[in-house]
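**Q** My questions all concern the structure below.
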Amino acid sequence: MMPFFFGERPRLLFGAYDPPQATHGVDRAAVICAPWGNEYTYSHRTLRQVALHLSQAGFHVLRFDYYAAGDSAGASGDNDYAGSRADVEAAWAELKEIAGVSRVCLVGLRFGASVAADFALRRAAEVESLLLWEPLTALNGRTEPADTPKDFGAPDLDEWAPGLPVRSLVLTANMPEPDRIKRIPVNFVPCEPPWTKQNLLTGAIPVKAVRHIVNWLR
Amino acid sequence: MNDGYREQAVMIGRPQALVCVVSTPATAERARSPAVVFINTGIVHRVGDHRMYVTLARQLANAGHLALRFDLSGIGDSGRRAHAMNPEAAALEDIREVVDWAAAKFNLNEFVVVGLCSGSDIALRYGPTDRRVVGLVLLDPQIPPTARYYINYVRERIRRPRSWLTFASGRGPIWGGVATLITSMWSREKEPIKLGSPADLEHQYRTSLANGIHLFVALTGGELAWRQTYREQLLDAFPSVPFADKLRLEYFPTSDHTFSSAEDRSRLNDMIEGWLCITPFGHR
């Protein structure tokens with residue numbers, strides 16, 4: 001893994017790049033978009049495992065911290081949705097340059113699913129695959145947790161679905177009903193949610209979900 | 001990043017497996033002594049709970065200090081050690097490698113180690129093993145319960161109906177304390193010192209002070225109050241340890257264990273920066 005900063009001052013972003021550990025003749029790449037706030041902290045361990053397994057499967061992988069989050073520049077609280085969406089674009093451009101590829105996969109967890117979907121909506125043709133892991137949206141009529149900022153972009157997937165990349169998937173640990181949002185399939189993989197405090201206390205990795213993500217992207 | 005500091009991400013160690021972010025003062029030709037090293041809290045990666053290590057590292061770099069936040073092997077982004085070591089030995093070796101790297105690269109030989117919760121316990125254990133460590137910042141370190149702790153604890157819990165259910169079921173620290181007391185009264189053989197036991201902690205504090213290490217200890221009293229219930233618990237738990245003027249003791253009565261309140265974190269950071277500024281670390 002190679003840690004580095006990228007982007008332009010003052011909006012320098014922290015990145016963690018994992019090079020491919022296997023070759024299949026064609027370079028493939030994936031950007032991982034993390035949740036926000038405490039969910040980011042709690043899920044860090046799991047997203048690192050996603051990155052490692054994708055790397056072993058032959059992907060160039062970039063995790064990054066949004067501005068004003070993690071190791072990236074910016075004071076906590078000095079963030080907004082549009083800025084985080086721009087950070088996805090910066091990470092995307094960075095990985096394309098590192099890997100030398102024209103299309104990149106996107107994996108987003110919680111808030112990360114929001115900004116990943118938002119980016120993919122605008123650049124669908126350049127997104128090879130889009131995986132939205134437990135997005136902040138109303139699957140089954142559920143809503144996001146009370147502590148999620150209301151302006152933090154819970155996408156209306158029903159509205160967005162037609163414009164998202166052809167190869168898109170929603171992953172959830174809760175029994176979905178229906179099993180697709182418009183044309184986007186919703187896969188049900190029961191696991192302990194990696195973005196909760198409980199996960200940080202136990203250190204557990206949702207292995208089935210991680211495998212599902214890697215196998216679907218592979 | 002603002003003009004007061006710069007940050008660089010590096011890989012440290014043998015082999016290079018420890019991920020570290022180094023905050024350096026932007027203007028000073030040479031960083032002020034001491035440099036500051038942060039230790040993970042449990043398995044929270046190097047940014048710390050509520051990003052508290054990032055904020056503090058940048059504030060200290062702004063004030064002229066070199067600050068290093070890194071992940072112990074097997075935690076956060078750092079890889080596991082190739083050869084199996086027990087976690088404590090591995091942690092001490094990891095810290096030594098980071099201190100060695102910083103000492104060589106920045107020509108510094110005085111370090112302060114910062115830890116919260118389990119991180120402070122590791123810091124306390126590391127400090128006496130390295131003569132370059134001149135200070136420890138221990139945030140909610142492990143402190144043995146005292147008689148006053150139990151009185152405060154019971155007084156607090158007795159107001160909560162749920163506590164009565166816990167007590168009636170034979171669980172909770174009161175029963176644990178009673179069991180420990182009875183066991184120690186009936187035990188005729190002197191037990192060896194166990195890691196993390198009161199005798200072990202006392203030894204760590206004694207050795208640290210003997211080595212001239214200054215201590216900044218901050219305790220929280222909010223939330224569960226399962227670690228300590230009053231400011232002087234550290235002193236009462238180790239009455240024969242000569243802390244004297246080597247100890248700066250602060251108490252945050254309403255703070256929870258991870259300093260969730262931004263105001264509390266800001267106050268804590270200012271205290272630590274001030275302590276680094278006025279403490280005569282060089283006089284050992």
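Lettering and numbering for the structure tokens are positional, with chains as A, B, ... in the shown order, residues counted from 1 in each chain, and ligands counted from 1 in the shown order.
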Please identify every residue of chain B that has at least one atom no more than 9 Å from any atom of chain A, counting only C-alpha atoms, and report them as a PyMOL selection string.

**A** chain B and resi 1-2+7-11+17+19-21+42-51+54-55+75-79

**Q** Hey, what's within 7 Å of segment 111-117 of chain A if we count only C-alpha atoms and toss same-chain stuff fewer than 2 positions away? As a list in words, please?

**A**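 Using only C-alpha atoms, the neighbours found are Cys33, Ala34, Pro35, Trp36, Arg85, Leu106, Gly108, Leu109, Phe119, Ala120, Leu121, Leu132, Trp133, Pro135, Leu136, Gly153, Ala154 and Pro155 of chain A.
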
**Q** Which residue gives the smallest distance to Val98 of chain B among B:Val37, B:Leu124, B:Ala218, B:Ala199, with only C-alpha atoms counted?

**A**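 So, comparing all the options, the nearest one is B:Val37.
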
**Q** Identify, with DSSP run on backbone atoms, the residues in segment 4-216 of chain A assigned to helix (DSSP H, G or I), and express the list as a PyMOL selection string.

**A** chain A and resi 38-56+81-99+111-122+124-126+139-141+157-163+197-202+207-216

**Q** Go ahead and compute the interatomic distance for atom CA of Ala86 of chain A and atom CA of Glu263 of chain B, in Å to one decimal.

**A** 29.6 Å

**Q** Run DSSP on the backbone of this structure and report the residues of segment 32-148 of chain A it assigns to strand (DSSP E), as a list in words.

**A**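 Filtering segment 32-148 of chain A to strand (DSSP E) leaves Ile32, Cys33, Phe59, His60, Val61, Leu62, Arg63, Phe64, Val104, Cys105, Leu106, Val107, Gly108, Leu109, Val127, Glu128, Ser129, Leu130, Leu131, Leu132 and Trp133 of chain A.
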
**Q** So that I can see what lies close to Ala237 of chain B, please list as a list in words the residues with an atom at most 9 Å from it, counting only C-alpha atoms and leaving out residues fewer than 5 positions away in the same chain.

**A**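 Selected residues are Ile143, Pro144, Pro145, Thr146, Pro198, Glu202 and Glu232 of chain B.
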